[in-house]
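Peer 1: Below you'll find input_15.pdb; it's PDB, C-alpha atoms.
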ATOM      1  CA  ALA A   1      86.446  92.167 113.345
ATOM      2  CA  TYR A   2      88.908  89.590 112.143
ATOM      3  CA  PRO A   3      92.168  90.894 110.640
ATOM      4  CA  ALA A   4      91.631  88.997 107.378
ATOM      5  CA  ASP A   5      88.160  90.537 106.986
ATOM      6  CA  VAL A   6      89.500  94.028 107.663
ATOM      7  CA  ALA A   7      92.302  93.474 105.137
ATOM      8  CA  ARG A   8      89.898  92.247 102.438
ATOM      9  CA  ALA A   9      87.452  95.102 103.026
ATOM     10  CA  THR A  10      90.221  97.700 102.997
ATOM     11  CA  ALA A  11      91.710  96.222  99.807
ATOM     12  CA  GLY A  12      88.245  96.304  98.236
ATOM     13  CA  LEU A  13      87.903  99.983  99.067
ATOM     14  CA  ALA A  14      91.387 100.547  97.622
ATOM     15  CA  LYS A  15      90.251  98.955  94.353
ATOM     16  CA  VAL A  16      87.273 101.319  94.211
ATOM     17  CA  ARG A  17      89.569 104.293  94.750
ATOM     18  CA  TYR A  18      91.868 102.996  92.003
ATOM     19  CA  ILE A  19      88.990 102.615  89.546
ATOM     20  CA  ARG A  20      87.900 106.172  90.318
ATOM     21  CA  GLY A  21      91.418 107.479  89.664
ATOM     22  CA  ARG A  22      92.203 108.307  93.281
ATOM     23  CA  LEU A  23      95.601 106.625  93.162
ATOM     24  CA  ASP A  24      97.151 108.150  96.275
ATOM     25  CA  GLU A  25      94.192 107.054  98.383
ATOM     26  CA  ALA A  26      94.253 103.588  96.823
ATOM     27  CA  GLU A  27      97.938 103.155  97.601
ATOM     28  CA  GLN A  28      97.412 104.261 101.206
ATOM     29  CA  LEU A  29      94.505 101.838 101.614
ATOM     30  CA  PHE A  30      96.534  98.941 100.211
ATOM     31  CA  ASP A  31      99.220  99.742 102.797
ATOM     32  CA  GLU A  32      96.548  99.701 105.519
ATOM     33  CA  ALA A  33      95.242  96.354 104.253
ATOM     34  CA  LEU A  34      98.707  94.812 104.498
ATOM     35  CA  LYS A  35      99.137  96.189 108.011
ATOM     36  CA  ALA A  36      95.729  94.860 109.058
ATOM     37  CA  ASP A  37      96.654  91.295 108.079
ATOM     38  CA  PRO A  38     100.128  90.704 106.681
ATOM     39  CA  ASP A  39      99.392  86.981 106.404
ATOM     40  CA  SER A  40      96.581  87.315 103.866
ATOM     41  CA  PRO A  41      97.680  86.747 100.253
ATOM     42  CA  GLY A  42      94.593  88.187  98.552
ATOM     43  CA  PRO A  43      95.172  91.833  99.484
ATOM     44  CA  MET A  44      98.869  91.447  98.625
ATOM     45  CA  LEU A  45      98.059  90.233  95.139
ATOM     46  CA  GLU A  46      95.481  92.990  94.675
ATOM     47  CA  MET A  47      98.114  95.524  95.744
ATOM     48  CA  TYR A  48     100.564  94.006  93.273
ATOM     49  CA  ALA A  49      97.961  94.273  90.492
ATOM     50  CA  PHE A  50      97.461  97.935  91.434
ATOM     51  CA  PHE A  51     101.175  98.652  91.028
ATOM     52  CA  GLN A  52     101.448  96.511  87.903
ATOM     53  CA  GLY A  53      98.575  98.447  86.324
ATOM     54  CA  GLN A  54     100.573 101.631  86.759
ATOM     55  CA  GLY A  55     103.766 100.167  85.311
ATOM     56  CA  ARG A  56     105.241  99.850  88.808
ATOM     57  CA  ALA A  57     105.299  96.057  89.172
ATOM     58  CA  ALA A  58     108.778  96.082  90.723
ATOM     59  CA  GLU A  59     107.494  98.307  93.528
ATOM     60  CA  GLY A  60     104.611  95.923  94.182
ATOM     61  CA  THR A  61     107.008  92.983  94.337
ATOM     62  CA  ALA A  62     109.307  94.923  96.668
ATOM     63  CA  ARG A  63     106.449  95.661  99.054
ATOM     64  CA  ILE A  64     105.493  92.002  99.233
ATOM     65  CA  GLN A  65     109.147  91.077  99.702
ATOM     66  CA  ALA A  66     109.390  93.564 102.585
ATOM     67  CA  VAL A  67     106.505  91.800 104.344
ATOM     68  CA  ALA A  68     108.174  88.426 103.706
ATOM     69  CA  ASP A  69     111.438  89.752 105.144
ATOM     70  CA  ARG A  70     109.698  91.215 108.193
ATOM     71  CA  LEU A  71     107.640  88.067 108.820
ATOM     72  CA  PRO A  72     109.745  85.147 107.576
ATOM     73  CA  ARG A  73     107.444  82.529 109.126
ATOM     74  CA  ALA A  74     104.282  83.916 107.527
ATOM     75  CA  SER A  75     103.223  81.865 104.537
ATOM     76  CA  ALA A  76     101.089  84.444 102.703
ATOM     77  CA  PRO A  77     103.886  86.738 101.527
ATOM     78  CA  HIS A  78     105.808  83.772 100.170
ATOM     79  CA  ARG A  79     102.711  82.437  98.392
ATOM     80  CA  ALA A  80     102.070  85.905  96.959
ATOM     81  CA  LEU A  81     105.670  86.138  95.718
ATOM     82  CA  ALA A  82     105.257  82.752  94.021
ATOM     83  CA  HIS A  83     102.099  83.996  92.255
ATOM     84  CA  VAL A  84     103.878  87.176  91.204
ATOM     85  CA  ALA A  85     106.782  85.151  89.794
ATOM     86  CA  LEU A  86     104.324  83.099  87.726
ATOM     87  CA  MET A  87     102.587  86.238  86.448
ATOM     88  CA  GLU A  88     105.911  87.789  85.461
ATOM     89  CA  SER A  89     107.193  84.728  83.620
TER
END
Could you take the file, read its structure, and then write that structure out as structure tokens?

Peer 2:
Amino acid sequence: AYPADVARATAGLAKVRYIRGRLDEAEQLFDEALKADPDSPGPMLEMYAFFQGQGRAAEGTARIQAVADRLPRASAPHRALAHVALMES
């Protein structure tokens, strides 16, 4: 399987867990999605929306920033941070 596909599928499962109120599992799955493909902006933005929905937007931003810091040449975390900045403004 391709990393981007694994990341999208894992993020999708995380969203299902979130909808069903299984927040700890959702958070763990979002972490797995980011590990599967840290250069995929979709799962990052879905993870941010998860944290934002719980009133923890700063934590979501910090997690994306951590990926950007760890992988400074990857474009996805920087694109995700730009989207987050637009959503917060």

Peer 1: Given the PyMOL selection byres ((chain A and resi 2-15) around 7) and the file above, list the residues it selects as a VMD selection string.

Peer 2: chain A and resid 1 16 to 19 26 29 to 30 33 to 34 36 to 37 40 43

Peer 1: So how far away is CA of Asp69 (chain A) from CA of Arg22 (chain A), in Å?

Peer 2: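 So the two atoms, CA of Arg22 (chain A) and CA of Asp69 (chain A), lie 29.2 Å apart.
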
Peer 1: Pick from A:Glu32, A:Leu23, A:Gly55, A:Thr61: nearest to Pro77 (chain A), with all atoms listed in the file counted?

Peer 2: A:Thr61

Peer 1: In Å to one decimal, how far is CA of Leu86 (chain A) from CA of Asp31 (chain A)?

Peer 2: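 Computing the Euclidean distance for CA of Asp31 (chain A) and CA of Leu86 (chain A) yields 23.0 Å.
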
Peer 1: So, counting all atoms listed in the file, which residue among A:Leu45, A:Arg63, A:Leu71, A:Gly53 is closest to His83 (chain A)?

Peer 2: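 So, comparing all the options, the nearest one is A:Leu45.
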
Peer 1: Using only C-alpha atoms, which residue out of A:Asp39, A:Ala66, A:Leu81, A:Gly21 lies closest to Gln54 (chain A)?

Peer 2: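 Ranked by minimum distance to Gln54 (chain A), first place goes to A:Gly21.
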
Peer 1: Could you work out an axis-aligned bounding box for all listed atoms of region 46-62 of chain A, with 8 Å added on each of the six sides, and give its centre and edge lengths in Å to one decimal, as lines of an AutoDock Vina configuration file?

Peer 2:
center_x = 102.4
center_y = 97.3
center_z = 91.0
size_x = 29.8
size_y = 24.6
size_z = 27.4

Peer 1: For a quick check of understanding, using only C-alpha atoms, which of A:Val84, A:Ser89, A:Val67, A:Pro72 has the smallest distance to Phe51 (chain A)?

Peer 2: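 Comparing A:Val84, A:Ser89, A:Val67, A:Pro72 against Phe51 (chain A), the winner is A:Val84.
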
Peer 1: Calculated over only C-alpha atoms, which of the candidates A:Arg20, A:Arg73, A:Met87, A:Glu27 has the smallest distance to Glu59 (chain A)?

Peer 2: A:Glu27

Peer 1: Give me, please, the distance in Å between CA of Arg79 (chain A) and CA of Ala49 (chain A), quoted to one decimal.

Peer 2: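 Distance between the two atoms: 15.0 Å.
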
Peer 1: Could you check which of A:Ala80, A:Asp24, A:Lys35, A:Gly42 is closest to Ile64 (chain A), using all atoms listed in the file?

Peer 2: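 Of A:Ala80, A:Asp24, A:Lys35, A:Gly42, the one nearest Ile64 (chain A), counting all atoms listed in the file, is A:Ala80.
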
Peer 1: Place N, CA, C and O atoms on region 62-75 of chain A and deliver the coordinates as a PDB file, in the frame of the given file.

Peer 2:
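Ended up saving to out-v4.pdb:
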ATOM      1  N   ALA A  62     108.465  94.507  95.545  1.00  0.00           N
ATOM      2  CA  ALA A  62     109.307  94.923  96.668  1.00  0.00           C
ATOM      3  C   ALA A  62     108.500  95.056  97.954  1.00  0.00           C
ATOM      4  O   ALA A  62     108.990  94.697  99.037  1.00  0.00           O
ATOM      5  N   ARG A  63     107.282  95.534  97.850  1.00  0.00           N
ATOM      6  CA  ARG A  63     106.449  95.661  99.054  1.00  0.00           C
ATOM      7  C   ARG A  63     106.085  94.298  99.622  1.00  0.00           C
ATOM      8  O   ARG A  63     106.085  94.111 100.833  1.00  0.00           O
ATOM      9  N   ILE A  64     105.780  93.359  98.754  1.00  0.00           N
ATOM     10  CA  ILE A  64     105.493  92.002  99.233  1.00  0.00           C
ATOM     11  C   ILE A  64     106.750  91.395  99.836  1.00  0.00           C
ATOM     12  O   ILE A  64     106.709  90.755 100.892  1.00  0.00           O
ATOM     13  N   GLN A  65     107.886  91.606  99.189  1.00  0.00           N
ATOM     14  CA  GLN A  65     109.147  91.077  99.702  1.00  0.00           C
ATOM     15  C   GLN A  65     109.466  91.665 101.080  1.00  0.00           C
ATOM     16  O   GLN A  65     109.971  90.969 101.962  1.00  0.00           O
ATOM     17  N   ALA A  66     109.149  92.930 101.279  1.00  0.00           N
ATOM     18  CA  ALA A  66     109.390  93.564 102.585  1.00  0.00           C
ATOM     19  C   ALA A  66     108.570  92.889 103.679  1.00  0.00           C
ATOM     20  O   ALA A  66     109.067  92.677 104.796  1.00  0.00           O
ATOM     21  N   VAL A  67     107.330  92.523 103.365  1.00  0.00           N
ATOM     22  CA  VAL A  67     106.505  91.800 104.344  1.00  0.00           C
ATOM     23  C   VAL A  67     107.114  90.424 104.605  1.00  0.00           C
ATOM     24  O   VAL A  67     107.208  89.982 105.754  1.00  0.00           O
ATOM     25  N   ALA A  68     107.552  89.749 103.550  1.00  0.00           N
ATOM     26  CA  ALA A  68     108.174  88.426 103.706  1.00  0.00           C
ATOM     27  C   ALA A  68     109.439  88.524 104.556  1.00  0.00           C
ATOM     28  O   ALA A  68     109.691  87.655 105.401  1.00  0.00           O
ATOM     29  N   ASP A  69     110.217  89.570 104.361  1.00  0.00           N
ATOM     30  CA  ASP A  69     111.438  89.752 105.144  1.00  0.00           C
ATOM     31  C   ASP A  69     111.123  90.046 106.604  1.00  0.00           C
ATOM     32  O   ASP A  69     111.811  89.571 107.510  1.00  0.00           O
ATOM     33  N   ARG A  70     110.077  90.835 106.828  1.00  0.00           N
ATOM     34  CA  ARG A  70     109.698  91.215 108.193  1.00  0.00           C
ATOM     35  C   ARG A  70     109.060  90.049 108.943  1.00  0.00           C
ATOM     36  O   ARG A  70     109.208  89.932 110.160  1.00  0.00           O
ATOM     37  N   LEU A  71     108.350  89.193 108.207  1.00  0.00           N
ATOM     38  CA  LEU A  71     107.640  88.067 108.820  1.00  0.00           C
ATOM     39  C   LEU A  71     108.039  86.766 108.115  1.00  0.00           C
ATOM     40  O   LEU A  71     107.247  86.184 107.368  1.00  0.00           O
ATOM     41  N   PRO A  72     109.254  86.294 108.337  1.00  0.00           N
ATOM     42  CA  PRO A  72     109.745  85.147 107.576  1.00  0.00           C
ATOM     43  C   PRO A  72     108.955  83.848 107.785  1.00  0.00           C
ATOM     44  O   PRO A  72     108.988  82.974 106.926  1.00  0.00           O
ATOM     45  N   ARG A  73     108.222  83.749 108.873  1.00  0.00           N
ATOM     46  CA  ARG A  73     107.444  82.529 109.126  1.00  0.00           C
ATOM     47  C   ARG A  73     106.030  82.598 108.573  1.00  0.00           C
ATOM     48  O   ARG A  73     105.310  81.601 108.572  1.00  0.00           O
ATOM     49  N   ALA A  74     105.619  83.757 108.107  1.00  0.00           N
ATOM     50  CA  ALA A  74     104.282  83.916 107.527  1.00  0.00           C
ATOM     51  C   ALA A  74     104.277  83.305 106.126  1.00  0.00           C
ATOM     52  O   ALA A  74     105.186  83.541 105.339  1.00  0.00           O
ATOM     53  N   SER A  75     103.263  82.540 105.837  1.00  0.00           N
ATOM     54  CA  SER A  75     103.223  81.865 104.537  1.00  0.00           C
ATOM     55  C   SER A  75     102.663  82.747 103.414  1.00  0.00           C
ATOM     56  O   SER A  75     103.056  82.614 102.262  1.00  0.00           O
TER      57      SER A  75
END
